Every structure is written in C-alpha cells, then in structure tokens.
Amino acid sequence: MIVRRLVDGVDERLDGTSFIRRNLGKVFPDHWSFMLGELALYSFVMLLLTGTFLSLFFVASPAETVYRGPYAPMQGSEVSLAYESVLRISFEVRAGLVMRQTHHWAALVFVASMTAHLVRVFFTGAFRKPRELSWIIGVTLLVAGIGGGFTGYSLPDDLLSGTGLRIIYSAVLSIPVVGTWLAYLFFGGEFPSAELIPRLFVMHILLIPALITGLLSAHLALVWHQTHTQFRPKGTPESSVTGTPVWPKFALKSVGLAFITFAVLAALGGLSQINPVWLYGPFVPYSAPSPAQPDFYAGWLEGILRLWPNWEFHVFGHTIGELFLPAVVIPGIIFTALALWPFIEARAKHDTAVHHDAQRPRDEPVRSGIGAAGIAFFVLLMLAGSNDVLAKYLQVEVDTLNGVLKVLLFVVPVLVYAITWWICRDLHARDSAPIAHPPRVEFRRNAEGGFDEHHDEARSRGDVAATQGDREQP
Amino acid sequence: MKRDERVVAAALGVSILAALTLFVVYVRGGNPQAEGALLALALGGVGIGLLVWAKRLMPHIRDETQPRSKTAPATEADREAAVETMESGVEEIRRRRFLSRMLIGAAGALGLAALIPIRSLGRSPGDSLVHTKWTPGARLVTAEGTPVTESTLETGSFTTVFPEGFEGSADSQAVLIRVEPDQLQLPPDRIAGAPDGLVAYSKICTHAGCPLGLYLAATHELRCPCHQSTFDVLDGARPVYGPAPKPLPQLPIEIADDGSLRALGDFSDPVGPGFWEQA
Ligand code: FES
C-alpha cells in the first residue's frame, strides 16, 4: 500500500512516464573493478559520520592550557586547547578513540581507493569521450581528498602535523611576486599564527567536505546518466549496456559492500593504532620529530622535495625560493596533465569518436606503457619520501641512496614503459592472430599396406576462422 | 532451511549479538578494542548477510541489455534550434549596447568589491620576514628562560637559544654551538660575532623551514630532520648536502662583562626558506 502511494506520488510529480521503473530497472554492468569507486564513496560516508562526531568535541584553538587529563606522561605540560581536546577525545570521550582512529583510517582508504579507481579508469580507457568531465571531476576529487587529509592531519596541533604545515607555508612563501602575501593571507601571518588552526578547521569541516559532496554528486549523476563503460558481450551493439537491473540485486550487493567497508574501517579503527598524537607531543616551533613521515598520499610530494637539487634563482634583485619548482610547479604540472589526459590522448590519436567500450590494457600498448611508467615514477618518489628510514633499513648512507634514486627515477620509468609496451603488444598480437592450428593430416592405409598422407586444408582453415570468431570477450 | 539461507541468518544473527554486546560494553565504560571489533562484527554481519542474500538467494537474473540512452539523440535541427534560441537571447541583451556595457561594468565592480574581504584575512608581510626579535644587547636564554652564559656549553655541545622575553619565538630560534675557536673559518667580518668558539646560527632550515634537530659533533655538522640538509658549522653553516640552497644566517653574539651572552644585533640574513622580496 505504502509502496503504491509512494510510486504514484513520485510518478505524478517527476515524470509522466514511469520515472521509478526506468531507474530501478536500469542495468549496471558488473565487474569487480567497479567496486573501487564504490569503496571510495563508502569511505567518504564513513568520514562524514565519524567526522561529525569528532567535530562536536574538537576545540579549534591554539590558546595555551596546562594538561590535567588522565594521560599521565603529559600531566602538567603546556599544550594548546586543540591538542588537549584531541587527547580528551582519545582518552575521555567514550568511543572517542574508535571514532578518531576510524576517521583517520577512512581518510587513508578514501584516497587509496580513489587512486586505485583512477588507475582502473585510466588503463581501460574509460575516460574517453563522452566521459571526460567525469574524469576531470574525479581528478579534482582526488586533489580535494588529499587536501582534506592534509588539513585534518594538521588539526591536532601535534609535533608531526606542525612540521607538515611549516613545509606547506614555506612552499607558498616561495611563489614569485605574490608568495609572501599569499602566505600571510592564507595562514593569517608569519608561521605559526594564531589564526592557523581555526582556518584549517573551517577548511577541513566545511569547505572541503562541501566541495567533495558537490563534486561527488555530479560524478555519480554523470555515471548514472552516461552509464559505465564495459567489456561488451558478444553480439550486442556499443550503444547498449548489459548487466543486472539496479533493483533489487545490484542495490543489495552495493549496500552489502558498504557495510563490509564500514566493518573493515571500524575494525581498523578499534584494533590498529594510528596517529598516536600523545606520543608525538604538542607542537613547539623549535623542534621537529625525526624521522618525520607524512601519510602515504603525501609521500611522493615529500619525495620530490628530498630529491630536488638545491637550486635557488635570483632575478632582478629578487629570489625565487628553492621550493617553488618541486613543491608548486611540478605537482601543478602533474595534476594538470592528469586532468587533461583524455584530451591529450584524443588529440594524439586524432580520435573524436564516442566510446562506450572498456578497453583491455593490452589493446593500447602506448597508454598502458605510460600508465605503468607513471606508477613506477610515483613508487620511486614515495620511496624517496622515506629515504632516511629506508637508508637505515638498508644500512647505506642517505646520500648514496639519494644518488641511486635520482638515477632510477629516470631509468626505471623508461624501462617499465618499454617492457609494458612490449608485453601488451605481444598479448594483443596473440589475441588477434591465434596460433594457427597445424594442418590436419590423416594417414590412410592404402591397398599396398603402406600409408598415404591426406592434407585436409579446408578443414584446418575453417578451424582457425571459427576460433577467431569465438574469441571470448572478457 | 537451505544452506545459503542459514548462512545469511547466521551473519545477521552475529550482527544482532555484536550490536547488543557493543551496547553493553559502551554502557559499562567502553574499551576501544572491544568497540572496534564489535562494531566491525555488527556492520560486517549485515554486509555479508546482504551479499550472500543477493548472490545466492536471489534468482539468477539473466543479464539484460538496454540501450545506453533512453532519449532519442538530438537531430541536427534540434541543435540548430538550441543555438538559435541561445543566440537570439544574447542578441536581445546586446541590442541595448549602452545598458549591456553598464551591466558588465557593474558585474566587474561587484567582483572587485567581493575581493576586499580577502584583505582582512591577514596583515601585510611588510618587512616582518626580514626581522626577528633579536636586538643588540638581547640576552641569550633557553626555551625555559634560563640565561645562557659563557660557561654553559662544553666544546662540542649545542643548545637552542632565544632572545630574553621571547622564549619559544618561532622566527628567532637559534642554535648556539661551541667549537674549538681555531677551527672556525668564518669570513673576517663575521668572526667577531663568534667569540671563544661560541657560534650561533638560525635554527630554521633554509630549505622548507624545519627546525634543525641534530648536531653531529664529530663532523661539526647540523642536520635537518625533514629532508636531511646538512650544514657545516665551522664554515659559516654552508650547506654541504641536501636540498637547502643557502647557509644558515649567523647571529652575532658577544660575551658580556658579567659572563652572559648577548646578541650584537639581528641575524646576518633573513631566516628560513627563500621568498621573492629577498635580495
Ligand atoms: S626543511 Fe630542512 S631539509 Fe627540508
């Protein structure tokens, strides 16, 4: 009864023809890799839920106070209200620590699954026309996700976060002409200013989540409207999509996945310690932790900083700070190139057609090679970002390791490109020209008691043709 | 019950039990590990239940093929009409030349006015990046405010110092190091500011501004914990390794008659990483 009235009500208001039926009956193609985007979506939901809880207890203030809470080693220390409130969430608010750690883990999973999703879309060519806008929004979401992670990780006002902030401040400061003004307007004055924490807080709980929610809605609406690319089943046209209807099976599976994601995040949050700010201590401007390691998504940026040569430029009596190239220009170029990739590729291939088929990586050796080389590049940068830890582990000098990494950074991507290209080429070739069946030869006994060879050319050719036609679409 | 049905029931049952237990744990004061684990069970039970339900208990519907777009593609005429509509609207506005220019002017002026609040976000940098709190005669004190004297440091040791009254100041932090006086190779105009092998440098790394944490007495090097820039203390804190592009500014000091250490003035250069206004 209720369902009937609901359906009627919606139908009368939103669409004369059955709006609900059309959308519930809409089919979604199924492939395990489509799960990655969903994973990102559900970790964002978890971020909103836990974040709302945390925001009720967090105090965004740098004002000094003396710690008198239950955490004994910190007793009597001078700390900021922000830091104190984080300790309170961790030790006094019931379920506070679980919420905080789940929030942090969810942030890591959010960025990681967006990255994996992006890699999937890249290698299957799912960004091609008409889905360029989805891709650009996706890249922006990734940047926003990293921004959300960074501002959040800076809020507790602990020693580690202070170090990260200082580096960002210095990067802004290094921008030619407007750098000092930008840094002062954005950070509220010379680092560390009293405005900093309240500002980061507004960014972290208002601006960035609002941006992500908006972009995410647009991203999902586009997917809904444009449908997924897919590995098309044999015999269906490219203008069609094949899969299971949304209701009820697909919906149930997706909600199931949401709950599994939540469960894993909750387990991590309860059982696996992350960012124990009480061990790092409160931020003081004159000390830094060693070794200092950022969250993984900032590792490659840290890597660029560590490997970049110490060039500082002096022009017309002005200085362009060392950080400008590695911390501003290079990441800017990387993200711009990433966002514009669909157009870059379309132009290089003179491709203006609309595509709905997902491609297999082997069918595009050049793109796959570039993608693999890019991944190698980022992995090396992440290694460089923890060169001090790595050097200790490998028992070599940091200088030696850096030297090696600098060389590898140029050599490895090229090699990876070549190898990937070659493998893709080979696989592709094998697909399109399966090894011809050996000609069928029959031996027949002849009247003299010997054997005659009978070559059955027609049949063996027929076999090959049948094999090609039958080739399964994955 | 079928086996799959039992699996779903069990998963949902676990979820119910875990949620109820979670309730008890919470009421009794809470425990992070138990909360996390129980929450995971409660959520995971629902997740697994739904997945098994969908995959095993729902009839296997054959994949369906649908056209990607339900609406008929626009014809050339449709597009023409759309362009036509847009253009005629613009034309209608453009027709009143003077008014439309005024409109653009108003939008521009409003845009400018909207930028003004940005100025409230921070004060002008002015020359604040060039100066610190060090003034001639300022006494060197530790972070706790204890004055540093001639005899505080042994050769080979170091401490963090601030101008008296500005303990903990971020831009004024300096390292004071004692080395063998004859080993110091400072330029002639700087040697006077490092009496008796006591030499002070800005503690802020010239790379990205991290406070330098490590003094390697054997090689007389200061090392930054952030990206391993290394500075040679004997040679005017010249960067010998890493991404830091320039030496640490020196703080000229003197030994006062009462044995206390005092600054002769501000640092020899602006402290920290490079910025545009720097010469
Ligand atoms: S901040 Fe010191 S090396 Fe980067």
# chains A, B, ... in the order shown; residues from 1 in each chain; ligands from 1
call {"tool": "closest_atom_pairs", "arguments": {"of": "chain B", "to": "ligand 1", "cutoff": "8 Å", "atoms": "only C-alpha atoms and all ligand atoms", "output": "tab-separated table"}}
result
residue	atom	partner	partner_atom_place_in_ligand_line	distance
B:Ile204	CA	ligand 1	2 (Fe)	7.7
B:Cys205	CA	ligand 1	2 (Fe)	4.5
B:Thr206	CA	ligand 1	2 (Fe)	6.5
B:His207	CA	ligand 1	1 (S)	4.6
B:Ala208	CA	ligand 1	1 (S)	3.8
B:Gly209	CA	ligand 1	1 (S)	4.8
B:Cys210	CA	ligand 1	1 (S)	4.4
B:Pro211	CA	ligand 1	2 (Fe)	7.3
B:Leu212	CA	ligand 1	2 (Fe)	6.8
B:Arg223	CA	ligand 1	2 (Fe)	7.7
B:Cys224	CA	ligand 1	2 (Fe)	4.5
B:Pro225	CA	ligand 1	2 (Fe)	6.5
B:Cys226	CA	ligand 1	4 (Fe)	4.9
B:His227	CA	ligand 1	3 (S)	3.7
B:Gln228	CA	ligand 1	3 (S)	4.9
B:Ser229	CA	ligand 1	3 (S)	4.2
B:Thr230	CA	ligand 1	3 (S)	7.6
B:Gly242	CA	ligand 1	3 (S)	6.4
B:Pro243	CA	ligand 1	3 (S)	6.0
B:Ala244	CA	ligand 1	3 (S)	5.8
call {"tool": "closest_atom_pairs", "arguments": {"of": "stretch 149-247 of chain A", "to": "stretch 103-122 of chain B", "cutoff": "9 Å", "atoms": "only C-alpha atoms", "output": "Markdown table"}}
result
| residue | atom | partner | partner_atom | distance |
| --- | --- | --- | --- | --- |
| A:Trp181 | CA | B:Gly122 | CA | 8.5 |
| A:Ala183 | CA | B:Gly122 | CA | 8.9 |
| A:Tyr184 | CA | B:Gly122 | CA | 5.5 |
| A:Leu185 | CA | B:Gly122 | CA | 4.3 |
| A:Phe186 | CA | B:Leu121 | CA | 6.9 |
| A:Phe187 | CA | B:Gly122 | CA | 7.5 |
| A:Gly188 | CA | B:Gly122 | CA | 4.5 |
| A:Gly189 | CA | B:Gly122 | CA | 5.7 |
| A:Glu195 | CA | B:Gly122 | CA | 8.9 |
call {"tool": "closest_residue", "arguments": {"among": "B:Ala19, B:Leu222, B:Val27, B:Leu176", "to": "B:Leu43", "atoms": "only C-alpha atoms"}}
result
B:Ala19
call {"tool": "closest_residue", "arguments": {"among": "A:Ala337, A:Ile89, A:Ala171, A:Ala60", "to": "A:Leu155", "atoms": "only C-alpha atoms"}}
result
A:Ala60
call {"tool": "closest_atom_pairs", "arguments": {"of": "chain B", "to": "chain A", "cutoff": "6 Å", "atoms": "only C-alpha atoms", "output": "tab-separated table"}}
result
residue	atom	partner	partner_atom	distance
B:Pro32	CA	A:Gly270	CA	5.4
B:Gln33	CA	A:Gly270	CA	4.6
B:Gly36	CA	A:Gly270	CA	3.6
B:Ala37	CA	A:Ala267	CA	5.2
B:Ala40	CA	A:Ala263	CA	4.0
B:Leu43	CA	A:Ala263	CA	5.0
B:Gly44	CA	A:Ala263	CA	4.9
B:Gly47	CA	A:Gly256	CA	4.0
B:Leu50	CA	A:Gly256	CA	5.0
B:Leu51	CA	A:Lys253	CA	5.1
B:Ala54	CA	A:Lys249	CA	5.3
B:Asp63	CA	A:Gly243	CA	4.8
B:Glu64	CA	A:Thr242	CA	5.3
B:Thr65	CA	A:Thr242	CA	4.1
B:Gln66	CA	A:Ser240	CA	5.3
B:Pro67	CA	A:Ser240	CA	4.1
B:Arg68	CA	A:Ser240	CA	4.9
B:Leu121	CA	A:Leu185	CA	5.0
B:Gly122	CA	A:Leu185	CA	4.3
B:Ala170	CA	A:Pro285	CA	5.3
B:Ala208	CA	A:Ile167	CA	5.1
B:Pro211	CA	A:Tyr286	CA	5.5
B:Pro225	CA	A:Ser290	CA	5.4
B:His227	CA	A:Arg306	CA	5.3
B:Pro243	CA	A:Asn310	CA	4.3
B:Ala244	CA	A:Asn310	CA	5.6
B:Pro245	CA	A:Asn310	CA	4.7
B:Gly274	CA	A:Gly321	CA	4.2
B:Phe275	CA	A:Ser174	CA	4.8
B:Trp276	CA	A:Thr319	CA	4.6
B:Glu277	CA	A:His318	CA	5.6
B:Gln278	CA	A:Thr319	CA	5.5
B:Ala279	CA	A:Gly317	CA	4.9
call {"tool": "atom_distance", "arguments": {"atom1": "atom CA of A:Ala40", "atom2": "atom CA of A:Pro209"}}
result
13.9 Å
call {"tool": "select_by_dssp", "arguments": {"residues": "stretch 148-300 of chain A", "states": "strand (DSSP E)", "output": "JSON, numbers by chain"}}
result
{"A": [240, 241, 242, 243, 244, 245]}
call {"tool": "atom_distance", "arguments": {"atom1": "atom CA of B:Ser260", "atom2": "atom CA of B:Gly137"}}
result
10.5 Å
call {"tool": "atom_distance", "arguments": {"atom1": "atom CA of A:Trp105", "atom2": "atom CA of A:Leu47"}}
result
9.1 Å
call {"tool": "residues_around", "arguments": {"residues": "stretch 142-145 of chain B", "least_positions_apart": "4", "cutoff": "9 Å", "atoms": "only C-alpha atoms", "output": "number ranges by chain"}}
result
A: 286; B: 159-169
call {"tool": "residues_around", "arguments": {"residues": "B:Gly13", "least_positions_apart": "5", "cutoff": "10 Å", "atoms": "only C-alpha atoms", "output": "PyMOL selection string"}}
result
chain B and resi 7-8+18-19+42+45-46+49
call {"tool": "write_last_selection", "arguments": {"atoms": "all heavy atoms", "output": "mmCIF file, in the first residue's frame"}}
result
data_model
loop_
_atom_site.group_PDB
_atom_site.id
_atom_site.type_symbol
_atom_site.label_atom_id
_atom_site.label_comp_id
_atom_site.auth_asym_id
_atom_site.auth_seq_id
_atom_site.Cartn_x
_atom_site.Cartn_y
_atom_site.Cartn_z
ATOM 1 N N VAL B 7 23.337 -19.407 6.213
ATOM 2 C CA VAL B 7 24.497 -18.502 6.276
ATOM 3 C C VAL B 7 24.029 -17.064 6.500
ATOM 4 O O VAL B 7 24.541 -16.350 7.365
ATOM 5 C CB VAL B 7 25.330 -18.593 4.973
ATOM 6 C CG1 VAL B 7 26.403 -17.517 4.958
ATOM 7 C CG2 VAL B 7 25.949 -19.973 4.851
ATOM 8 N N VAL B 8 23.025 -16.654 5.738
ATOM 9 C CA VAL B 8 22.524 -15.282 5.886
ATOM 10 C C VAL B 8 21.991 -15.075 7.303
ATOM 11 O O VAL B 8 22.320 -14.076 7.969
ATOM 12 C CB VAL B 8 21.407 -14.986 4.856
ATOM 13 C CG1 VAL B 8 20.832 -13.596 5.087
ATOM 14 C CG2 VAL B 8 21.953 -15.103 3.449
ATOM 15 N N ALA B 18 26.418 -8.852 18.210
ATOM 16 C CA ALA B 18 27.534 -7.923 18.364
ATOM 17 C C ALA B 18 27.025 -6.535 18.721
ATOM 18 O O ALA B 18 27.588 -5.855 19.584
ATOM 19 C CB ALA B 18 28.350 -7.873 17.079
ATOM 20 N N ALA B 19 25.945 -6.117 18.071
ATOM 21 C CA ALA B 19 25.416 -4.782 18.349
ATOM 22 C C ALA B 19 24.934 -4.683 19.794
ATOM 23 O O ALA B 19 25.188 -3.690 20.482
ATOM 24 C CB ALA B 19 24.284 -4.458 17.385
ATOM 25 N N ALA B 42 29.201 -6.206 13.915
ATOM 26 C CA ALA B 42 27.816 -5.795 13.701
ATOM 27 C C ALA B 42 27.614 -5.313 12.266
ATOM 28 O O ALA B 42 26.643 -5.675 11.590
ATOM 29 C CB ALA B 42 27.444 -4.697 14.686
ATOM 30 N N GLY B 45 28.437 -8.268 9.698
ATOM 31 C CA GLY B 45 27.370 -9.265 9.635
ATOM 32 C C GLY B 45 26.299 -8.848 8.645
ATOM 33 O O GLY B 45 25.873 -9.637 7.788
ATOM 34 N N VAL B 46 25.900 -7.591 8.735
ATOM 35 C CA VAL B 46 24.893 -7.089 7.792
ATOM 36 C C VAL B 46 25.433 -7.153 6.367
ATOM 37 O O VAL B 46 24.759 -7.604 5.435
ATOM 38 C CB VAL B 46 24.493 -5.640 8.146
ATOM 39 C CG1 VAL B 46 23.562 -5.086 7.084
ATOM 40 C CG2 VAL B 46 23.836 -5.589 9.511
ATOM 41 N N GLY B 49 25.631 -10.737 5.190
ATOM 42 C CA GLY B 49 24.267 -11.215 5.012
ATOM 43 C C GLY B 49 23.676 -10.723 3.699
ATOM 44 O O GLY B 49 23.145 -11.502 2.907
#
call {"tool": "select_by_dssp", "arguments": {"residues": "stretch 7-246 of chain B", "states": "alpha helix (DSSP H)", "output": "mmCIF file with C-alpha atoms, in the first residue's frame"}}
result
data_model
loop_
_atom_site.group_PDB
_atom_site.id
_atom_site.type_symbol
_atom_site.label_atom_id
_atom_site.label_comp_id
_atom_site.auth_asym_id
_atom_site.auth_seq_id
_atom_site.Cartn_x
_atom_site.Cartn_y
_atom_site.Cartn_z
ATOM 1 C CA VAL B 7 24.497 -18.502 6.276
ATOM 2 C CA VAL B 8 22.524 -15.282 5.886
ATOM 3 C CA ALA B 9 20.631 -15.921 9.105
ATOM 4 C CA ALA B 10 23.868 -16.633 10.965
ATOM 5 C CA ALA B 11 25.537 -13.471 9.646
ATOM 6 C CA LEU B 12 22.591 -11.315 10.642
ATOM 7 C CA GLY B 13 22.438 -13.120 13.991
ATOM 8 C CA VAL B 14 26.101 -12.343 14.656
ATOM 9 C CA SER B 15 25.366 -8.763 13.764
ATOM 10 C CA ILE B 16 22.485 -8.554 16.247
ATOM 11 C CA LEU B 17 24.530 -10.133 19.027
ATOM 12 C CA ALA B 18 27.534 -7.923 18.364
ATOM 13 C CA ALA B 19 25.416 -4.782 18.349
ATOM 14 C CA LEU B 20 23.796 -5.721 21.644
ATOM 15 C CA THR B 21 27.162 -6.552 23.199
ATOM 16 C CA LEU B 22 28.508 -3.252 21.916
ATOM 17 C CA PHE B 23 25.691 -1.566 23.765
ATOM 18 C CA VAL B 24 26.690 -3.302 26.990
ATOM 19 C CA VAL B 25 30.381 -2.514 26.539
ATOM 20 C CA TYR B 26 29.588 1.116 25.909
ATOM 21 C CA VAL B 27 27.334 1.445 28.949
ATOM 22 C CA PRO B 32 38.406 0.974 22.194
ATOM 23 C CA GLN B 33 39.449 -2.500 21.041
ATOM 24 C CA ALA B 34 36.169 -4.138 22.015
ATOM 25 C CA GLU B 35 34.184 -1.297 20.474
ATOM 26 C CA GLY B 36 36.048 -1.509 17.200
ATOM 27 C CA ALA B 37 35.816 -5.283 16.997
ATOM 28 C CA LEU B 38 32.128 -5.416 17.917
ATOM 29 C CA LEU B 39 31.253 -2.609 15.563
ATOM 30 C CA ALA B 40 33.100 -4.466 12.821
ATOM 31 C CA LEU B 41 31.126 -7.625 13.569
ATOM 32 C CA ALA B 42 27.816 -5.795 13.701
ATOM 33 C CA LEU B 43 28.441 -3.985 10.420
ATOM 34 C CA GLY B 44 30.190 -6.881 8.739
ATOM 35 C CA GLY B 45 27.370 -9.265 9.635
ATOM 36 C CA VAL B 46 24.893 -7.089 7.792
ATOM 37 C CA GLY B 47 27.296 -6.720 4.888
ATOM 38 C CA ILE B 48 27.938 -10.416 4.487
ATOM 39 C CA GLY B 49 24.267 -11.215 5.012
ATOM 40 C CA LEU B 50 23.241 -8.855 2.230
ATOM 41 C CA LEU B 51 25.924 -10.037 -0.147
ATOM 42 C CA VAL B 52 25.108 -13.721 0.299
ATOM 43 C CA GLU B 76 20.786 18.386 -36.429
ATOM 44 C CA ALA B 77 17.650 20.520 -36.431
ATOM 45 C CA ASP B 78 17.356 20.281 -32.634
ATOM 46 C CA ARG B 79 20.872 21.535 -32.241
ATOM 47 C CA GLU B 80 20.301 24.328 -34.686
ATOM 48 C CA ALA B 81 17.225 25.347 -32.742
ATOM 49 C CA ALA B 82 19.133 25.306 -29.447
ATOM 50 C CA VAL B 83 21.885 27.509 -30.850
ATOM 51 C CA GLU B 84 19.255 29.764 -32.340
ATOM 52 C CA THR B 85 17.463 30.196 -29.005
ATOM 53 C CA MET B 86 20.679 30.938 -27.132
ATOM 54 C CA GLU B 87 21.878 33.420 -29.697
ATOM 55 C CA SER B 88 18.642 35.277 -30.014
ATOM 56 C CA GLY B 89 18.617 35.743 -26.224
ATOM 57 C CA VAL B 90 22.130 37.134 -26.235
ATOM 58 C CA GLU B 91 21.260 39.339 -29.171
ATOM 59 C CA GLU B 92 18.261 40.693 -27.295
ATOM 60 C CA ILE B 93 20.536 41.801 -24.445
ATOM 61 C CA ARG B 94 23.294 43.044 -26.723
ATOM 62 C CA ARG B 97 24.562 48.490 -26.187
ATOM 63 C CA PHE B 98 24.950 51.076 -23.506
ATOM 64 C CA LEU B 99 22.958 49.168 -20.919
ATOM 65 C CA SER B 100 24.749 45.916 -21.556
ATOM 66 C CA ARG B 101 28.091 47.644 -21.123
ATOM 67 C CA MET B 102 26.905 49.139 -17.872
ATOM 68 C CA LEU B 103 25.850 45.670 -16.790
ATOM 69 C CA ILE B 104 29.323 44.301 -17.468
ATOM 70 C CA GLY B 105 30.766 47.241 -15.562
ATOM 71 C CA ALA B 106 28.519 46.580 -12.588
ATOM 72 C CA ALA B 107 29.447 42.894 -12.535
ATOM 73 C CA GLY B 108 33.141 43.753 -12.669
ATOM 74 C CA ALA B 109 32.859 46.331 -9.898
ATOM 75 C CA LEU B 110 30.925 43.929 -7.729
ATOM 76 C CA GLY B 111 33.564 41.290 -8.332
ATOM 77 C CA LEU B 112 36.251 43.695 -7.177
ATOM 78 C CA ALA B 113 34.232 44.647 -4.129
ATOM 79 C CA ALA B 114 33.827 40.973 -3.282
ATOM 80 C CA LEU B 115 37.612 40.608 -3.227
ATOM 81 C CA ILE B 116 38.018 43.182 -0.468
ATOM 82 C CA PRO B 117 37.245 40.858 2.456
ATOM 83 C CA ILE B 118 40.183 38.704 1.411
ATOM 84 C CA ARG B 119 42.433 41.527 2.556
ATOM 85 C CA PRO B 188 86.616 38.259 8.700
ATOM 86 C CA ASP B 189 83.576 40.486 9.267
ATOM 87 C CA ARG B 190 81.721 37.660 10.976
ATOM 88 C CA ILE B 191 84.404 36.212 13.213
#
call {"tool": "residues_around", "arguments": {"residues": "stretch 114-116 of chain A", "least_positions_apart": "6", "cutoff": "7 Å", "atoms": "only C-alpha atoms", "output": "ChimeraX atom specification"}}
result
/A:36-37,40,142
call {"tool": "residues_around", "arguments": {"residues": "B:Trp134", "least_positions_apart": "6", "cutoff": "7 Å", "atoms": "only C-alpha atoms", "output": "ChimeraX atom specification"}}
result
/B:163,172,263,265-266
call {"tool": "write_last_selection", "arguments": {"atoms": "all heavy atoms", "output": "PDB file, in the first residue's frame"}}
result
ATOM      1  N   PRO B 163      65.935  35.174  22.258  1.00  0.00           N
ATOM      2  CA  PRO B 163      66.163  36.457  22.921  1.00  0.00           C
ATOM      3  C   PRO B 163      65.334  36.500  24.204  1.00  0.00           C
ATOM      4  O   PRO B 163      64.187  36.023  24.205  1.00  0.00           O
ATOM      5  CB  PRO B 163      65.669  37.483  21.901  1.00  0.00           C
ATOM      6  CG  PRO B 163      64.811  36.741  20.944  1.00  0.00           C
ATOM      7  CD  PRO B 163      65.198  35.303  21.002  1.00  0.00           C
ATOM      8  N   SER B 172      62.826  33.540  15.825  1.00  0.00           N
ATOM      9  CA  SER B 172      64.076  33.963  16.459  1.00  0.00           C
ATOM     10  C   SER B 172      64.914  32.793  16.966  1.00  0.00           C
ATOM     11  O   SER B 172      66.026  32.989  17.446  1.00  0.00           O
ATOM     12  CB  SER B 172      63.790  34.879  17.648  1.00  0.00           C
ATOM     13  OG  SER B 172      62.841  35.847  17.299  1.00  0.00           O
ATOM     14  N   ALA B 263      73.272  39.271  22.169  1.00  0.00           N
ATOM     15  CA  ALA B 263      73.302  39.428  20.720  1.00  0.00           C
ATOM     16  C   ALA B 263      73.894  40.776  20.375  1.00  0.00           C
ATOM     17  O   ALA B 263      73.719  41.754  21.103  1.00  0.00           O
ATOM     18  CB  ALA B 263      71.892  39.318  20.156  1.00  0.00           C
ATOM     19  N   GLY B 265      73.153  42.002  17.425  1.00  0.00           N
ATOM     20  CA  GLY B 265      72.145  42.527  16.501  1.00  0.00           C
ATOM     21  C   GLY B 265      71.335  41.374  15.967  1.00  0.00           C
ATOM     22  O   GLY B 265      71.327  40.285  16.542  1.00  0.00           O
ATOM     23  N   ASP B 266      70.661  41.624  14.844  1.00  0.00           N
ATOM     24  CA  ASP B 266      69.825  40.575  14.254  1.00  0.00           C
ATOM     25  C   ASP B 266      70.693  39.626  13.416  1.00  0.00           C
ATOM     26  O   ASP B 266      71.891  39.834  13.263  1.00  0.00           O
ATOM     27  CB  ASP B 266      68.735  41.226  13.393  1.00  0.00           C
ATOM     28  CG  ASP B 266      67.477  40.374  13.313  1.00  0.00           C
ATOM     29  OD1 ASP B 266      67.586  39.145  13.556  1.00  0.00           O
ATOM     30  OD2 ASP B 266      66.407  40.931  13.012  1.00  0.00           O
TER      31      ASP B 266
END
call {"tool": "residues_around", "arguments": {"residues": "B:Gln183", "least_positions_apart": "6", "cutoff": "12 Å", "atoms": "only C-alpha atoms", "output": "PyMOL selection string"}}
result
chain B and resi 155-156+191+194+196-199+219-220+232-236
